[in-house]
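With mmCIF, C-alpha atoms inside, this is my_file12.cif:
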data_target
#
loop_
_atom_site.label_atom_id
_atom_site.label_comp_id
_atom_site.auth_asym_id
_atom_site.auth_seq_id
_atom_site.Cartn_x
_atom_site.Cartn_y
_atom_site.Cartn_z
CA MET A 1 7.92 58.72 -27.63
CA GLY A 2 5.03 56.40 -28.31
CA ASP A 3 5.00 52.72 -27.39
CA ASN A 4 6.67 51.86 -30.69
CA GLY A 5 9.55 54.26 -30.04
CA GLN A 6 8.34 56.78 -32.63
CA VAL A 7 7.70 60.42 -31.77
CA SER A 8 3.97 60.85 -31.30
CA HIS A 9 2.06 63.67 -33.02
CA TRP A 10 -1.00 65.10 -31.30
CA ASN A 11 -3.58 67.40 -32.80
CA ALA A 12 -4.22 69.80 -29.95
CA PRO A 13 -7.99 69.86 -29.40
CA VAL A 14 -9.85 73.13 -29.86
CA ALA A 15 -12.25 74.19 -27.12
CA SER A 16 -15.77 74.55 -28.51
CA GLY A 17 -16.71 76.82 -25.62
CA PRO A 18 -15.62 77.92 -22.16
CA VAL A 19 -14.09 75.04 -20.20
CA ASN A 20 -15.75 74.09 -16.94
CA ALA A 21 -13.67 71.53 -15.10
CA HIS A 22 -12.40 70.20 -11.79
CA VAL A 23 -8.79 69.04 -12.29
CA ALA A 24 -6.90 67.01 -9.67
CA VAL A 25 -3.15 67.51 -10.20
CA PRO A 26 -0.59 64.87 -9.08
CA GLY A 27 2.18 65.60 -6.60
CA SER A 28 5.01 68.09 -7.03
CA LYS A 29 8.10 66.88 -8.86
CA SER A 30 10.31 69.39 -7.04
CA LEU A 31 9.07 68.36 -3.61
CA THR A 32 9.11 64.64 -4.48
CA ASN A 33 12.70 64.56 -5.68
CA ARG A 34 14.01 66.63 -2.78
CA ALA A 35 12.14 64.42 -0.31
CA LEU A 36 13.57 61.28 -1.94
CA VAL A 37 17.16 62.53 -1.61
CA LEU A 38 16.70 63.56 2.02
CA ALA A 39 15.08 60.21 2.82
CA ALA A 40 17.98 58.35 1.18
CA LEU A 41 20.39 60.16 3.53
CA ALA A 42 18.21 60.03 6.66
CA ASP A 43 18.84 58.23 9.92
CA GLY A 44 15.74 56.01 9.67
CA PRO A 45 12.83 55.04 7.42
CA SER A 46 10.73 57.83 5.89
CA ARG A 47 7.24 57.69 4.41
CA LEU A 48 6.16 59.89 1.52
CA VAL A 49 2.46 60.21 0.71
CA GLY A 50 1.19 61.55 -2.61
CA THR A 51 4.51 61.43 -4.45
CA LEU A 52 4.56 62.12 -8.16
CA ARG A 53 5.30 59.09 -10.32
CA SER A 54 6.65 60.40 -13.60
CA ARG A 55 9.76 59.94 -15.70
CA ASP A 56 11.77 62.44 -13.66
CA THR A 57 10.77 61.01 -10.28
CA ASP A 58 11.17 57.42 -11.43
CA LEU A 59 14.68 58.28 -12.63
CA MET A 60 15.40 59.66 -9.15
CA ILE A 61 13.98 56.53 -7.53
CA GLY A 62 16.09 54.35 -9.83
CA ALA A 63 19.24 56.34 -9.13
CA LEU A 64 18.84 56.14 -5.35
CA GLN A 65 17.96 52.46 -5.48
CA ALA A 66 21.09 51.77 -7.53
CA LEU A 67 23.15 53.61 -4.91
CA GLY A 68 21.79 51.38 -2.13
CA THR A 69 18.52 52.94 -0.93
CA ARG A 70 15.52 50.68 -0.31
CA ILE A 71 12.32 52.16 -1.74
CA GLU A 72 9.09 50.22 -1.35
CA GLY A 73 5.36 50.67 -1.75
CA PRO A 74 2.88 50.53 1.14
CA SER A 75 2.62 46.75 0.92
CA GLY A 76 6.11 45.75 -0.09
CA PRO A 77 7.92 45.76 -3.46
CA LEU A 78 7.53 49.01 -5.37
CA ASP A 79 4.76 49.11 -7.97
CA PRO A 80 4.84 51.65 -10.85
CA ASP A 81 1.58 53.14 -9.61
CA ASP A 82 2.57 53.47 -5.94
CA THR A 83 2.47 57.08 -4.78
CA ASP A 84 2.88 56.23 -1.08
CA LEU A 85 6.51 55.22 -0.57
CA VAL A 86 8.63 53.92 2.28
CA ILE A 87 12.30 54.87 1.93
CA THR A 88 15.05 53.31 4.03
CA ALA A 89 18.62 54.55 3.74
CA GLY A 90 21.24 51.89 3.07
CA GLU A 91 25.00 51.71 2.78
CA LEU A 92 25.79 53.83 -0.25
CA ARG A 93 27.67 52.14 -3.06
CA GLY A 94 28.84 53.15 -6.52
CA ALA A 95 26.38 52.62 -9.36
CA ASP A 96 25.45 53.46 -12.92
CA VAL A 97 23.03 56.40 -12.77
CA GLU A 98 20.62 57.13 -15.63
CA CYS A 99 19.66 60.82 -15.61
CA GLY A 100 17.36 60.94 -18.64
CA LEU A 101 16.63 64.64 -19.09
CA ALA A 102 16.05 65.26 -15.37
CA GLY A 103 18.04 68.22 -14.07
CA THR A 104 17.31 67.20 -10.48
CA VAL A 105 18.94 63.79 -11.03
CA MET A 106 21.94 65.30 -12.83
CA ARG A 107 22.53 67.84 -10.06
CA PHE A 108 21.14 66.35 -6.83
CA VAL A 109 22.55 62.82 -7.08
CA PRO A 110 26.30 63.45 -7.68
CA PRO A 111 26.77 64.76 -4.08
CA VAL A 112 25.06 61.59 -2.84
CA ALA A 113 27.40 59.50 -5.00
CA ALA A 114 30.36 61.36 -3.49
CA LEU A 115 29.31 59.87 -0.12
CA ALA A 116 29.19 56.35 -1.55
CA THR A 117 31.94 53.76 -1.71
CA GLY A 118 33.00 53.07 -5.28
CA ARG A 119 32.64 54.59 -8.73
CA SER A 120 29.37 56.01 -10.01
CA THR A 121 28.88 56.76 -13.68
CA PHE A 122 26.27 59.30 -14.84
CA ASP A 123 24.74 59.60 -18.29
CA GLY A 124 21.42 60.60 -19.81
CA ASP A 125 19.51 61.61 -22.91
CA PRO A 126 21.44 63.29 -25.76
CA ALA A 127 19.79 66.62 -24.89
CA ALA A 128 20.97 66.26 -21.29
CA ARG A 129 24.60 66.09 -22.41
CA VAL A 130 24.53 69.78 -23.35
CA ARG A 131 22.82 71.03 -20.18
CA PRO A 132 25.05 73.03 -17.80
CA GLN A 133 26.60 70.73 -15.20
CA ALA A 134 30.17 71.84 -14.51
CA THR A 135 29.23 74.19 -11.66
CA VAL A 136 28.12 71.44 -9.29
CA LEU A 137 30.94 69.09 -10.36
CA ASP A 138 33.63 71.74 -9.86
CA ALA A 139 32.11 72.53 -6.45
CA LEU A 140 32.25 68.85 -5.50
CA ARG A 141 35.93 68.75 -6.48
CA ALA A 142 36.58 71.77 -4.27
CA LEU A 143 34.82 69.97 -1.39
CA GLY A 144 37.08 66.92 -1.77
CA ALA A 145 35.32 64.67 -4.29
CA ALA A 146 37.03 62.79 -7.12
CA VAL A 147 35.07 63.72 -10.24
CA THR A 148 36.00 63.09 -13.88
CA GLY A 149 34.27 65.12 -16.58
CA ASN A 150 32.30 68.37 -16.67
CA ARG A 151 29.13 67.29 -18.51
CA LEU A 152 27.31 64.04 -18.97
CA PRO A 153 28.73 61.46 -19.10
CA PHE A 154 30.89 61.88 -15.99
CA THR A 155 32.08 59.76 -13.06
CA VAL A 156 32.22 60.26 -9.30
CA ASP A 157 34.64 58.09 -7.31
CA GLY A 158 33.34 57.93 -3.75
CA SER A 159 35.35 56.91 -0.70
CA GLY A 160 32.44 56.67 1.74
CA SER A 161 32.71 60.24 3.00
CA LEU A 162 33.35 63.78 1.81
CA ARG A 163 35.34 66.50 3.55
CA GLY A 164 33.06 69.42 2.70
CA GLY A 165 33.88 72.98 3.74
CA SER A 166 33.65 76.29 1.90
CA VAL A 167 33.25 76.68 -1.83
CA GLU A 168 32.61 79.55 -4.22
CA MET A 169 30.47 78.93 -7.29
CA ASP A 170 28.63 80.80 -10.02
CA ALA A 171 25.10 79.41 -9.90
CA SER A 172 23.65 81.95 -12.35
CA ALA A 173 22.59 79.16 -14.71
CA SER A 174 20.45 77.17 -12.24
CA SER A 175 19.28 77.13 -8.64
CA GLN A 176 19.65 73.34 -8.81
CA PHE A 177 23.41 73.72 -8.37
CA VAL A 178 22.80 75.24 -4.95
CA SER A 179 19.99 72.89 -3.92
CA GLY A 180 21.89 69.81 -5.04
CA LEU A 181 24.79 70.57 -2.70
CA LEU A 182 22.62 71.78 0.19
CA LEU A 183 20.56 68.56 0.26
CA SER A 184 23.60 66.37 1.03
CA ALA A 185 25.78 68.89 2.87
CA ALA A 186 24.83 67.85 6.41
CA ARG A 187 26.43 64.47 5.68
CA PHE A 188 29.77 66.07 4.71
CA ASP A 189 32.40 65.90 7.48
CA GLU A 190 32.56 69.69 7.75
CA GLY A 191 29.14 70.49 6.37
CA ALA A 192 29.29 73.15 3.69
CA GLU A 193 29.27 76.88 3.10
CA LEU A 194 28.31 77.87 -0.45
CA VAL A 195 28.97 81.34 -1.83
CA HIS A 196 27.43 82.43 -5.13
CA THR A 197 29.91 84.64 -7.00
CA GLY A 198 28.00 85.38 -10.19
CA SER A 199 27.12 88.90 -11.23
CA SER A 200 23.46 87.89 -11.61
CA PRO A 201 21.36 86.54 -8.73
CA VAL A 202 20.69 82.81 -8.59
CA PRO A 203 17.49 82.24 -10.61
CA SER A 204 14.41 80.46 -9.28
CA GLY A 205 14.95 81.59 -5.71
CA PRO A 206 11.74 79.92 -4.46
CA HIS A 207 13.26 76.54 -5.27
CA ILE A 208 16.18 77.26 -2.94
CA GLU A 209 13.73 78.34 -0.24
CA MET A 210 11.93 75.05 -0.76
CA THR A 211 15.20 73.19 -0.19
CA LEU A 212 16.01 75.19 2.95
CA GLU A 213 12.56 74.61 4.43
CA MET A 214 12.75 70.86 3.82
CA LEU A 215 16.23 70.69 5.36
CA ARG A 216 14.97 72.44 8.49
CA GLU A 217 12.02 70.05 8.66
CA SER A 218 14.63 67.27 8.61
CA GLY A 219 16.45 68.69 11.63
CA VAL A 220 19.35 70.14 9.65
CA THR A 221 20.91 73.39 10.87
CA VAL A 222 21.03 75.67 7.86
CA ASP A 223 21.23 79.44 7.53
CA ARG A 224 21.80 82.14 4.94
CA PRO A 225 24.49 84.58 6.14
CA THR A 226 24.01 86.78 3.06
CA PRO A 227 21.58 86.78 0.12
CA SER A 228 24.25 84.95 -1.89
CA SER A 229 25.54 82.41 0.64
CA TRP A 230 24.23 79.37 2.48
CA ARG A 231 25.70 77.38 5.37
CA VAL A 232 24.81 73.84 6.45
CA ALA A 233 26.15 72.40 9.70
CA PRO A 234 27.32 68.77 9.72
CA GLY A 235 25.04 66.32 11.45
CA PRO A 236 22.33 63.72 10.95
CA ILE A 237 19.38 64.12 8.62
CA ALA A 238 16.23 63.08 10.46
CA ALA A 239 13.72 60.71 8.91
CA VAL A 240 10.54 62.68 8.18
CA ASP A 241 7.13 61.53 6.97
CA ARG A 242 5.81 63.97 4.36
CA VAL A 243 2.64 64.58 2.38
CA VAL A 244 3.58 65.94 -1.04
CA GLU A 245 1.63 68.95 -2.31
CA PRO A 246 0.12 68.95 -5.82
CA ASP A 247 2.50 70.22 -8.48
CA LEU A 248 1.42 73.82 -8.91
CA SER A 249 3.53 74.37 -12.04
CA ASN A 250 1.83 71.40 -13.67
CA ALA A 251 -1.51 72.95 -12.75
CA THR A 252 -0.77 76.12 -14.72
CA PRO A 253 -1.73 74.86 -18.21
CA PHE A 254 -5.18 73.90 -16.91
CA LEU A 255 -5.62 77.28 -15.25
CA ALA A 256 -4.47 78.90 -18.48
CA ALA A 257 -7.23 76.95 -20.27
CA ALA A 258 -9.81 78.78 -18.15
CA ALA A 259 -8.14 82.10 -18.95
CA VAL A 260 -8.00 81.66 -22.74
CA THR A 261 -11.52 80.22 -23.12
CA GLY A 262 -13.33 82.44 -20.63
CA GLY A 263 -14.12 79.31 -18.64
CA THR A 264 -13.74 78.03 -15.09
CA VAL A 265 -11.18 75.56 -13.74
CA ARG A 266 -10.99 74.37 -10.14
CA ILE A 267 -7.85 72.79 -8.66
CA PRO A 268 -8.37 71.02 -5.30
CA HIS A 269 -5.80 70.76 -2.47
CA TRP A 270 -4.10 74.05 -3.41
CA PRO A 271 -1.86 75.02 -0.46
CA VAL A 272 -2.61 78.28 1.32
CA THR A 273 1.12 78.80 1.84
CA THR A 274 3.85 77.08 -0.15
CA THR A 275 7.41 77.38 -1.40
CA GLN A 276 6.41 76.17 -4.88
CA PRO A 277 7.07 78.80 -7.58
CA GLY A 278 3.90 77.72 -9.39
CA ASP A 279 1.82 79.56 -6.80
CA ALA A 280 2.80 82.81 -8.54
CA ILE A 281 0.40 81.99 -11.37
CA ARG A 282 -2.42 83.31 -9.20
CA GLY A 283 -1.20 86.90 -9.32
CA ILE A 284 -0.20 86.69 -12.98
CA LEU A 285 -3.65 85.49 -14.05
CA GLN A 286 -5.22 88.30 -12.03
CA ASP A 287 -2.93 90.80 -13.79
CA MET A 288 -4.15 89.41 -17.11
CA GLY A 289 -7.80 89.92 -16.12
CA ALA A 290 -8.88 86.57 -14.68
CA SER A 291 -10.82 86.11 -11.45
CA VAL A 292 -8.76 84.03 -8.99
CA THR A 293 -10.05 82.82 -5.62
CA LEU A 294 -8.92 80.23 -3.09
CA GLU A 295 -12.06 78.71 -1.62
CA SER A 296 -12.83 76.52 1.39
CA ALA A 297 -9.41 76.36 3.01
CA ASP A 298 -9.32 73.44 5.42
CA GLY A 299 -7.52 72.91 8.72
CA ALA A 300 -4.60 71.34 6.87
CA GLY A 301 -3.96 74.56 4.98
CA HIS A 302 -5.41 73.59 1.60
CA GLY A 303 -8.29 74.92 -0.45
CA THR A 304 -9.73 74.82 -3.96
CA LEU A 305 -8.26 77.32 -6.39
CA VAL A 306 -10.90 78.65 -8.78
CA VAL A 307 -9.91 80.57 -11.91
CA VAL A 308 -12.54 82.20 -14.13
CA GLY A 309 -11.30 83.54 -17.43
CA PRO A 310 -11.90 87.10 -18.64
CA SER A 311 -13.50 88.26 -21.88
CA HIS A 312 -10.03 89.26 -23.07
CA LEU A 313 -6.49 88.82 -21.73
CA SER A 314 -4.49 91.89 -20.76
CA PRO A 315 -0.81 92.12 -21.69
CA VAL A 316 1.87 92.05 -18.99
CA ASP A 317 5.43 93.21 -18.34
CA LEU A 318 7.00 90.67 -15.99
CA ASP A 319 10.37 89.82 -14.46
CA LEU A 320 10.20 86.02 -14.28
CA SER A 321 13.67 85.43 -12.82
CA ALA A 322 12.25 83.74 -9.71
CA ILE A 323 9.64 81.69 -11.57
CA GLY A 324 11.21 80.90 -14.92
CA GLU A 325 9.60 77.46 -15.18
CA LEU A 326 6.24 79.18 -15.72
CA THR A 327 7.51 81.00 -18.83
CA PRO A 328 6.08 78.63 -21.49
CA THR A 329 2.58 78.85 -19.96
CA ILE A 330 2.80 82.63 -19.59
CA ALA A 331 4.19 83.07 -23.12
CA ALA A 332 1.25 81.11 -24.53
CA LEU A 333 -1.14 83.37 -22.63
CA CYS A 334 0.67 86.47 -23.88
CA ALA A 335 0.33 85.28 -27.48
CA LEU A 336 -3.45 85.34 -26.96
CA ALA A 337 -3.58 88.70 -25.14
CA ASP A 338 -4.86 91.94 -26.64
CA GLY A 339 -1.54 93.78 -26.62
CA PRO A 340 2.25 93.33 -26.54
CA SER A 341 3.88 91.72 -23.49
CA ARG A 342 7.47 91.64 -22.24
CA LEU A 343 8.95 88.75 -20.23
CA THR A 344 12.45 89.26 -18.78
CA GLY A 345 14.89 87.85 -16.23
CA ILE A 346 14.94 84.43 -17.90
CA ALA A 347 18.26 84.11 -19.73
CA HIS A 348 18.86 80.93 -17.71
CA LEU A 349 16.07 79.20 -19.65
CA ARG A 350 18.51 78.75 -22.51
CA GLY A 351 20.04 75.93 -20.45
CA HIS A 352 16.83 74.06 -19.59
CA GLU A 353 15.52 70.93 -21.35
CA THR A 354 16.02 72.98 -24.51
CA ASP A 355 16.79 76.64 -25.16
CA ARG A 356 13.28 77.62 -24.14
CA LEU A 357 13.59 81.22 -25.31
CA ALA A 358 14.59 80.21 -28.84
CA ALA A 359 12.01 77.42 -28.84
CA LEU A 360 9.16 79.68 -27.77
CA ALA A 361 10.17 82.33 -30.31
CA ALA A 362 10.25 79.73 -33.08
CA GLU A 363 6.97 77.97 -32.26
CA LEU A 364 4.93 81.08 -31.44
CA GLY A 365 6.32 82.62 -34.61
CA ALA A 366 5.31 79.55 -36.61
CA VAL A 367 1.65 80.05 -35.65
CA GLY A 368 1.78 83.74 -36.58
CA CYS A 369 2.66 85.55 -33.36
CA GLY A 370 5.21 88.34 -33.34
CA VAL A 371 8.12 87.41 -31.06
CA THR A 372 11.46 89.11 -30.46
CA GLU A 373 14.17 87.36 -28.49
CA LEU A 374 15.91 89.54 -25.93
CA ASP A 375 19.17 88.76 -24.17
CA ASP A 376 17.16 87.75 -21.10
CA GLY A 377 13.63 87.22 -22.34
CA LEU A 378 10.94 87.69 -24.98
CA GLU A 379 8.81 90.46 -26.41
CA ILE A 380 5.51 88.97 -27.59
CA THR A 381 3.23 90.89 -29.96
CA PRO A 382 -0.07 89.11 -30.62
CA ALA A 383 -1.33 88.78 -34.19
CA PRO A 384 -3.96 86.62 -35.92
CA LEU A 385 -2.83 83.05 -35.33
CA HIS A 386 -3.11 79.98 -37.56
CA GLY A 387 -2.49 76.26 -37.24
CA ALA A 388 0.99 74.84 -37.76
CA PRO A 389 3.23 72.05 -36.49
CA TRP A 390 4.42 72.78 -32.95
CA ARG A 391 7.77 71.31 -31.93
CA ALA A 392 8.09 70.24 -28.31
CA TYR A 393 11.89 69.78 -28.34
CA ALA A 394 11.46 66.83 -25.95
CA ASP A 395 10.44 69.51 -23.40
CA HIS A 396 7.32 68.89 -21.33
CA ARG A 397 6.54 72.57 -20.85
CA MET A 398 6.90 73.36 -24.54
CA ALA A 399 4.36 70.61 -25.24
CA THR A 400 1.81 72.02 -22.79
CA ALA A 401 2.33 75.53 -24.19
CA GLY A 402 1.31 74.17 -27.58
CA ALA A 403 -1.79 72.63 -26.02
CA ILE A 404 -2.80 76.02 -24.58
CA VAL A 405 -2.47 77.78 -27.93
CA GLY A 406 -4.30 74.89 -29.61
CA LEU A 407 -7.38 75.49 -27.45
CA VAL A 408 -8.25 78.55 -29.55
CA VAL A 409 -6.17 78.02 -32.72
CA PRO A 410 -7.28 75.09 -34.91
CA GLY A 411 -4.55 72.96 -36.48
CA VAL A 412 -1.80 73.12 -33.84
CA GLU A 413 -0.02 69.76 -34.00
CA VAL A 414 2.38 69.00 -31.14
CA ASP A 415 5.12 66.66 -32.34
CA ASP A 416 6.04 64.98 -29.04
CA VAL A 417 3.23 65.35 -26.52
CA GLU A 418 4.52 62.27 -24.69
CA SER A 419 7.37 64.45 -23.41
CA THR A 420 4.82 65.58 -20.80
CA ALA A 421 5.37 62.23 -19.04
CA LYS A 422 8.57 63.80 -17.69
CA THR A 423 6.49 65.40 -14.93
CA LEU A 424 2.82 64.77 -15.78
CA PRO A 425 1.96 61.29 -17.07
CA GLY A 426 -1.50 61.06 -18.61
CA PHE A 427 -1.55 64.72 -19.66
CA THR A 428 -3.56 64.17 -22.84
CA THR A 429 -6.22 62.24 -20.94
CA MET A 430 -6.43 64.97 -18.30
CA TRP A 431 -6.69 67.59 -21.07
CA ALA A 432 -9.47 65.67 -22.81
CA ASP A 433 -11.33 65.21 -19.51
CA MET A 434 -11.10 68.95 -18.89
CA LEU A 435 -12.55 69.68 -22.32
CA ALA A 436 -15.36 67.21 -21.75
CA GLY A 437 -16.73 69.72 -19.25
CA GLN A 438 -17.01 72.59 -21.72
CA GLY A 439 -19.93 74.91 -21.24
#

Could the structure of this file be written out as C-alpha cells, please?
Amino acid sequence: MGDNGQVSHWNAPVASGPVNAHVAVPGSKSLTNRALVLAALADGPSRLVGTLRSRDTDLMIGALQALGTRIEGPSGPLDPDDTDLVITAGELRGADVECGLAGTVMRFVPPVAALATGRSTFDGDPAARVRPQATVLDALRALGAAVTGNRLPFTVDGSGSLRGGSVEMDASASSQFVSGLLLSAARFDEGAELVHTGSSPVPSGPHIEMTLEMLRESGVTVDRPTPSSWRVAPGPIAAVDRVVEPDLSNATPFLAAAAVTGGTVRIPHWPVTTTQPGDAIRGILQDMGASVTLESADGAGHGTLVVVGPSHLSPVDLDLSAIGELTPTIAALCALADGPSRLTGIAHLRGHETDRLAALAAELGAVGCGVTELDDGLEITPAPLHGAPWRAYADHRMATAGAIVGLVVPGVEVDDVESTAKTLPGFTTMWADMLAGQG
C-alpha cells in the first residue's frame, strides 16, 4: 500500500543495456526472526547485529514485545531504523499478536504464547486467514496447550509452562510448522520429539537445518533420530550474540537482473557456507549459462558474489522442493530462456502468501508466456512477451518476479510493489540504483 492506503502501481523500468552494479542486501528475514524468538526465550540478554527491519521482522518484534520481551536499540529505546538490537527475555504474558502476512509470526509465536501466563489472541491480514495453520496448533494441543481455533484468528491460553513430549504431525505444507515448535521446545517441561507423518517430505529442508544449527549455537541439545523426526531436550536456551547474514533470497532478483540483461551484479558479504536456501541460486544461474564466482573471501567466511549474465539463458528442469521460495525468481528467468523449463516439487507454494503456482501461471501468461500448471509445479514455454498489468497478490516475491520480467519487456506494471516491504523495504530505490549503473 502507498502512504494514502491505496495500492501503488509501478511501471517496472526497462534496462537500456547490461546492468553493472554493486548491491548491498539487508539481513536475512529467516535468520532474524529465528534469532529474535531464541533471544526472547534465552537466559540472558542477546545482541543481534545486522538484523533485517521489514514488515515481517517488525511484526515479530512487536509480537515478542507484547508478550513481555524487552527489545532495544544500541542506545536505548528501539528506533525504526535500528538494525543492532539488544533483546532481554522477560516474564511472558498473554497479549494480542498481529501476524500481518508473516508465516514466521503465525507459526513461531504460538509456542511462545503457550509458555506465557494468560490469553493470547492471534490475527492478521485477510490473506493470512486462509494460510495453513492447523498443523502447529493441533501439535500444541497434543503437547498440552489450550488452543481455540485452527486458522487465524485463534487464541492460546497459557499457564506459564507447557508439558511437551512426543507428537506426530503432517508438515507437508510448510517447514515452518517444524521450526516453530523446535525453537521453543527446550523450554517445554519434557522438551519435544516431533515426527513427520506425511507421505511427502517436509519442504524447504534447509530452513529446518537453519533452525537446528541456531538451536545448537544456543546450547540446546537437539538431534534428528530419523530423516522425519527431531528431538529437543529440555533445558535453558543460552543468550547468544549473532551477526545476521544478508538475505540471500532477497538477493536473487538482483542476480537475475545480471542474468537477463547480460550484465554484472556484485553482492558483498556473501557467506562461504550457510544454511540459507537462497545460496542455491548460484548453481541454478550457472545451469542457465551465467558465470558465477565468489571472490575475495575474508577470514570471517564472507566474499563478494559476482554474477555475469550470458548471451542467452538455457532452460532447466529442477526439483525445487528444498528451495521453493526461489520459485518466482526462477520462473521469471525461465520465461526469458531459449527453451521450455520444468519446475517441480513445489505443491506447497499453493499455501504461501498466495497460491504462487496459480499466480505465476496467470501473470506469466498475461505477458504472453506459455505456462502449464502441474500438480506440483509449472511447465514454462517461452514465447514473445509483451507488456501487461502484473498482479502481485500482496506477495513480495511475485512483485520482484514482475520487476525481473519488466527489465526486458516494456510495459509491465506491478500493481502492489510496496508488498516488497514485507522482507525488503526500499526495493524500488535499490532497483533504480542498480539500473543507474547500466553499461

Can you find the residues with an atom no farther than 10 Å from (13.9, 80.7, -6.0), counting all atoms listed in the file, and report them as JSON, numbers by chain?
{"A": [174, 175, 176, 201, 202, 203, 204, 205, 206, 207, 208, 209, 210, 211, 275, 276, 277, 321, 322, 323, 324]}

Can you turn the PyMOL selection byres ((chain A and resi 326) around 12) into a concrete residue list for this file, as a PyMOL selection string?
chain A and resi 204+248-253+256+276-282+284-285+318-325+327-333+343+346+349+356+396-398+400-401

Size and centre in Å, one decimal, axis-aligned box, all listed range 173-190 of chain A atoms plus 6 Å per side, as lines of an AutoDock Vina configuration file:
center_x = 25.9
center_y = 71.8
center_z = -3.5
size_x = 25.3
size_y = 26.7
size_z = 34.5

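Here the question is which of A:Ser314, A:Thr32, A:Thr344, A:Ser419 gets nearest to Leu378 in chain A using all atoms listed in the file, and that residue is A:Thr344.
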
Residue members of the PyMOL selection byres ((chain A and resi 421-436) around 10) in the file shown, as a ChimeraX atom specification
/A:1,10,12-30,52-59,100-102,247,249-251,253-254,257-258,265,394-397,400,403-404,407,417-420,437-439

Save out the residues we just selected, C-alpha atoms, as a short mmCIF file (atom, residue, chain, number, x, y, z; two decimals), in the frame of the given file.
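Writing done, so here's out02.cif:
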data_model
loop_
_atom_site.label_atom_id
_atom_site.label_comp_id
_atom_site.auth_asym_id
_atom_site.auth_seq_id
_atom_site.Cartn_x
_atom_site.Cartn_y
_atom_site.Cartn_z
CA MET A 1 7.92 58.72 -27.63
CA TRP A 10 -1.00 65.10 -31.30
CA ALA A 12 -4.22 69.80 -29.95
CA PRO A 13 -7.99 69.86 -29.40
CA VAL A 14 -9.85 73.13 -29.86
CA ALA A 15 -12.25 74.19 -27.12
CA SER A 16 -15.77 74.55 -28.51
CA GLY A 17 -16.71 76.82 -25.62
CA PRO A 18 -15.62 77.92 -22.16
CA VAL A 19 -14.09 75.04 -20.20
CA ASN A 20 -15.75 74.09 -16.94
CA ALA A 21 -13.67 71.53 -15.10
CA HIS A 22 -12.40 70.20 -11.79
CA VAL A 23 -8.79 69.04 -12.29
CA ALA A 24 -6.90 67.01 -9.67
CA VAL A 25 -3.15 67.51 -10.20
CA PRO A 26 -0.59 64.87 -9.08
CA GLY A 27 2.18 65.60 -6.60
CA SER A 28 5.01 68.09 -7.03
CA LYS A 29 8.10 66.88 -8.86
CA SER A 30 10.31 69.39 -7.04
CA LEU A 52 4.56 62.12 -8.16
CA ARG A 53 5.30 59.09 -10.32
CA SER A 54 6.65 60.40 -13.60
CA ARG A 55 9.76 59.94 -15.70
CA ASP A 56 11.77 62.44 -13.66
CA THR A 57 10.77 61.01 -10.28
CA ASP A 58 11.17 57.42 -11.43
CA LEU A 59 14.68 58.28 -12.63
CA GLY A 100 17.36 60.94 -18.64
CA LEU A 101 16.63 64.64 -19.09
CA ALA A 102 16.05 65.26 -15.37
CA ASP A 247 2.50 70.22 -8.48
CA SER A 249 3.53 74.37 -12.04
CA ASN A 250 1.83 71.40 -13.67
CA ALA A 251 -1.51 72.95 -12.75
CA PRO A 253 -1.73 74.86 -18.21
CA PHE A 254 -5.18 73.90 -16.91
CA ALA A 257 -7.23 76.95 -20.27
CA ALA A 258 -9.81 78.78 -18.15
CA VAL A 265 -11.18 75.56 -13.74
CA ALA A 394 11.46 66.83 -25.95
CA ASP A 395 10.44 69.51 -23.40
CA HIS A 396 7.32 68.89 -21.33
CA ARG A 397 6.54 72.57 -20.85
CA THR A 400 1.81 72.02 -22.79
CA ALA A 403 -1.79 72.63 -26.02
CA ILE A 404 -2.80 76.02 -24.58
CA LEU A 407 -7.38 75.49 -27.45
CA VAL A 417 3.23 65.35 -26.52
CA GLU A 418 4.52 62.27 -24.69
CA SER A 419 7.37 64.45 -23.41
CA THR A 420 4.82 65.58 -20.80
CA GLY A 437 -16.73 69.72 -19.25
CA GLN A 438 -17.01 72.59 -21.72
CA GLY A 439 -19.93 74.91 -21.24
#

Just the residues within 9 Å of Leu374 in chain A, please, counting only C-alpha atoms, with nothing from its chain fewer than 2 positions along; format it as a PyMOL selection string.
chain A and resi 344+347+357+372+376-379

Written selection (C-alpha atoms) as a JSON list (two decimals), in the frame of the given file:
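Done, and the output landed in part_32.json:
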[["chain", "number", "residue", "atom", "x", "y", "z"],
["A", 344, "THR", "CA", 12.45, 89.26, -18.78],
["A", 347, "ALA", "CA", 18.26, 84.11, -19.73],
["A", 357, "LEU", "CA", 13.59, 81.22, -25.31],
["A", 372, "THR", "CA", 11.46, 89.11, -30.46],
["A", 376, "ASP", "CA", 17.16, 87.75, -21.10],
["A", 377, "GLY", "CA", 13.63, 87.22, -22.34],
["A", 378, "LEU", "CA", 10.94, 87.69, -24.98],
["A", 379, "GLU", "CA", 8.81, 90.46, -26.41]]

For a quick check of your reading of the model, name the residues lying within 10 Å of the coordinate (26.6, 70.0, 6.2), counting all atoms listed in the file, and write them as a list of chain:residue names.
A:Arg163, A:Gly164, A:Gly165, A:Leu181, A:Leu182, A:Leu183, A:Ser184, A:Ala185, A:Ala186, A:Arg187, A:Phe188, A:Asp189, A:Glu190, A:Gly191, A:Ala192, A:Glu193, A:Val220, A:Thr221, A:Val222, A:Arg231, A:Val232, A:Ala233, A:Pro234, A:Gly235, A:Pro236, A:Ile237

Save out the residues we just selected, C-alpha atoms, as a short mmCIF file (atom, residue, chain, number, x, y, z; two decimals), in the coordinates of the input.
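Now in again33.cif:
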data_model
loop_
_atom_site.label_atom_id
_atom_site.label_comp_id
_atom_site.auth_asym_id
_atom_site.auth_seq_id
_atom_site.Cartn_x
_atom_site.Cartn_y
_atom_site.Cartn_z
CA ARG A 163 35.34 66.50 3.55
CA GLY A 164 33.06 69.42 2.70
CA GLY A 165 33.88 72.98 3.74
CA LEU A 181 24.79 70.57 -2.70
CA LEU A 182 22.62 71.78 0.19
CA LEU A 183 20.56 68.56 0.26
CA SER A 184 23.60 66.37 1.03
CA ALA A 185 25.78 68.89 2.87
CA ALA A 186 24.83 67.85 6.41
CA ARG A 187 26.43 64.47 5.68
CA PHE A 188 29.77 66.07 4.71
CA ASP A 189 32.40 65.90 7.48
CA GLU A 190 32.56 69.69 7.75
CA GLY A 191 29.14 70.49 6.37
CA ALA A 192 29.29 73.15 3.69
CA GLU A 193 29.27 76.88 3.10
CA VAL A 220 19.35 70.14 9.65
CA THR A 221 20.91 73.39 10.87
CA VAL A 222 21.03 75.67 7.86
CA ARG A 231 25.70 77.38 5.37
CA VAL A 232 24.81 73.84 6.45
CA ALA A 233 26.15 72.40 9.70
CA PRO A 234 27.32 68.77 9.72
CA GLY A 235 25.04 66.32 11.45
CA PRO A 236 22.33 63.72 10.95
CA ILE A 237 19.38 64.12 8.62
#
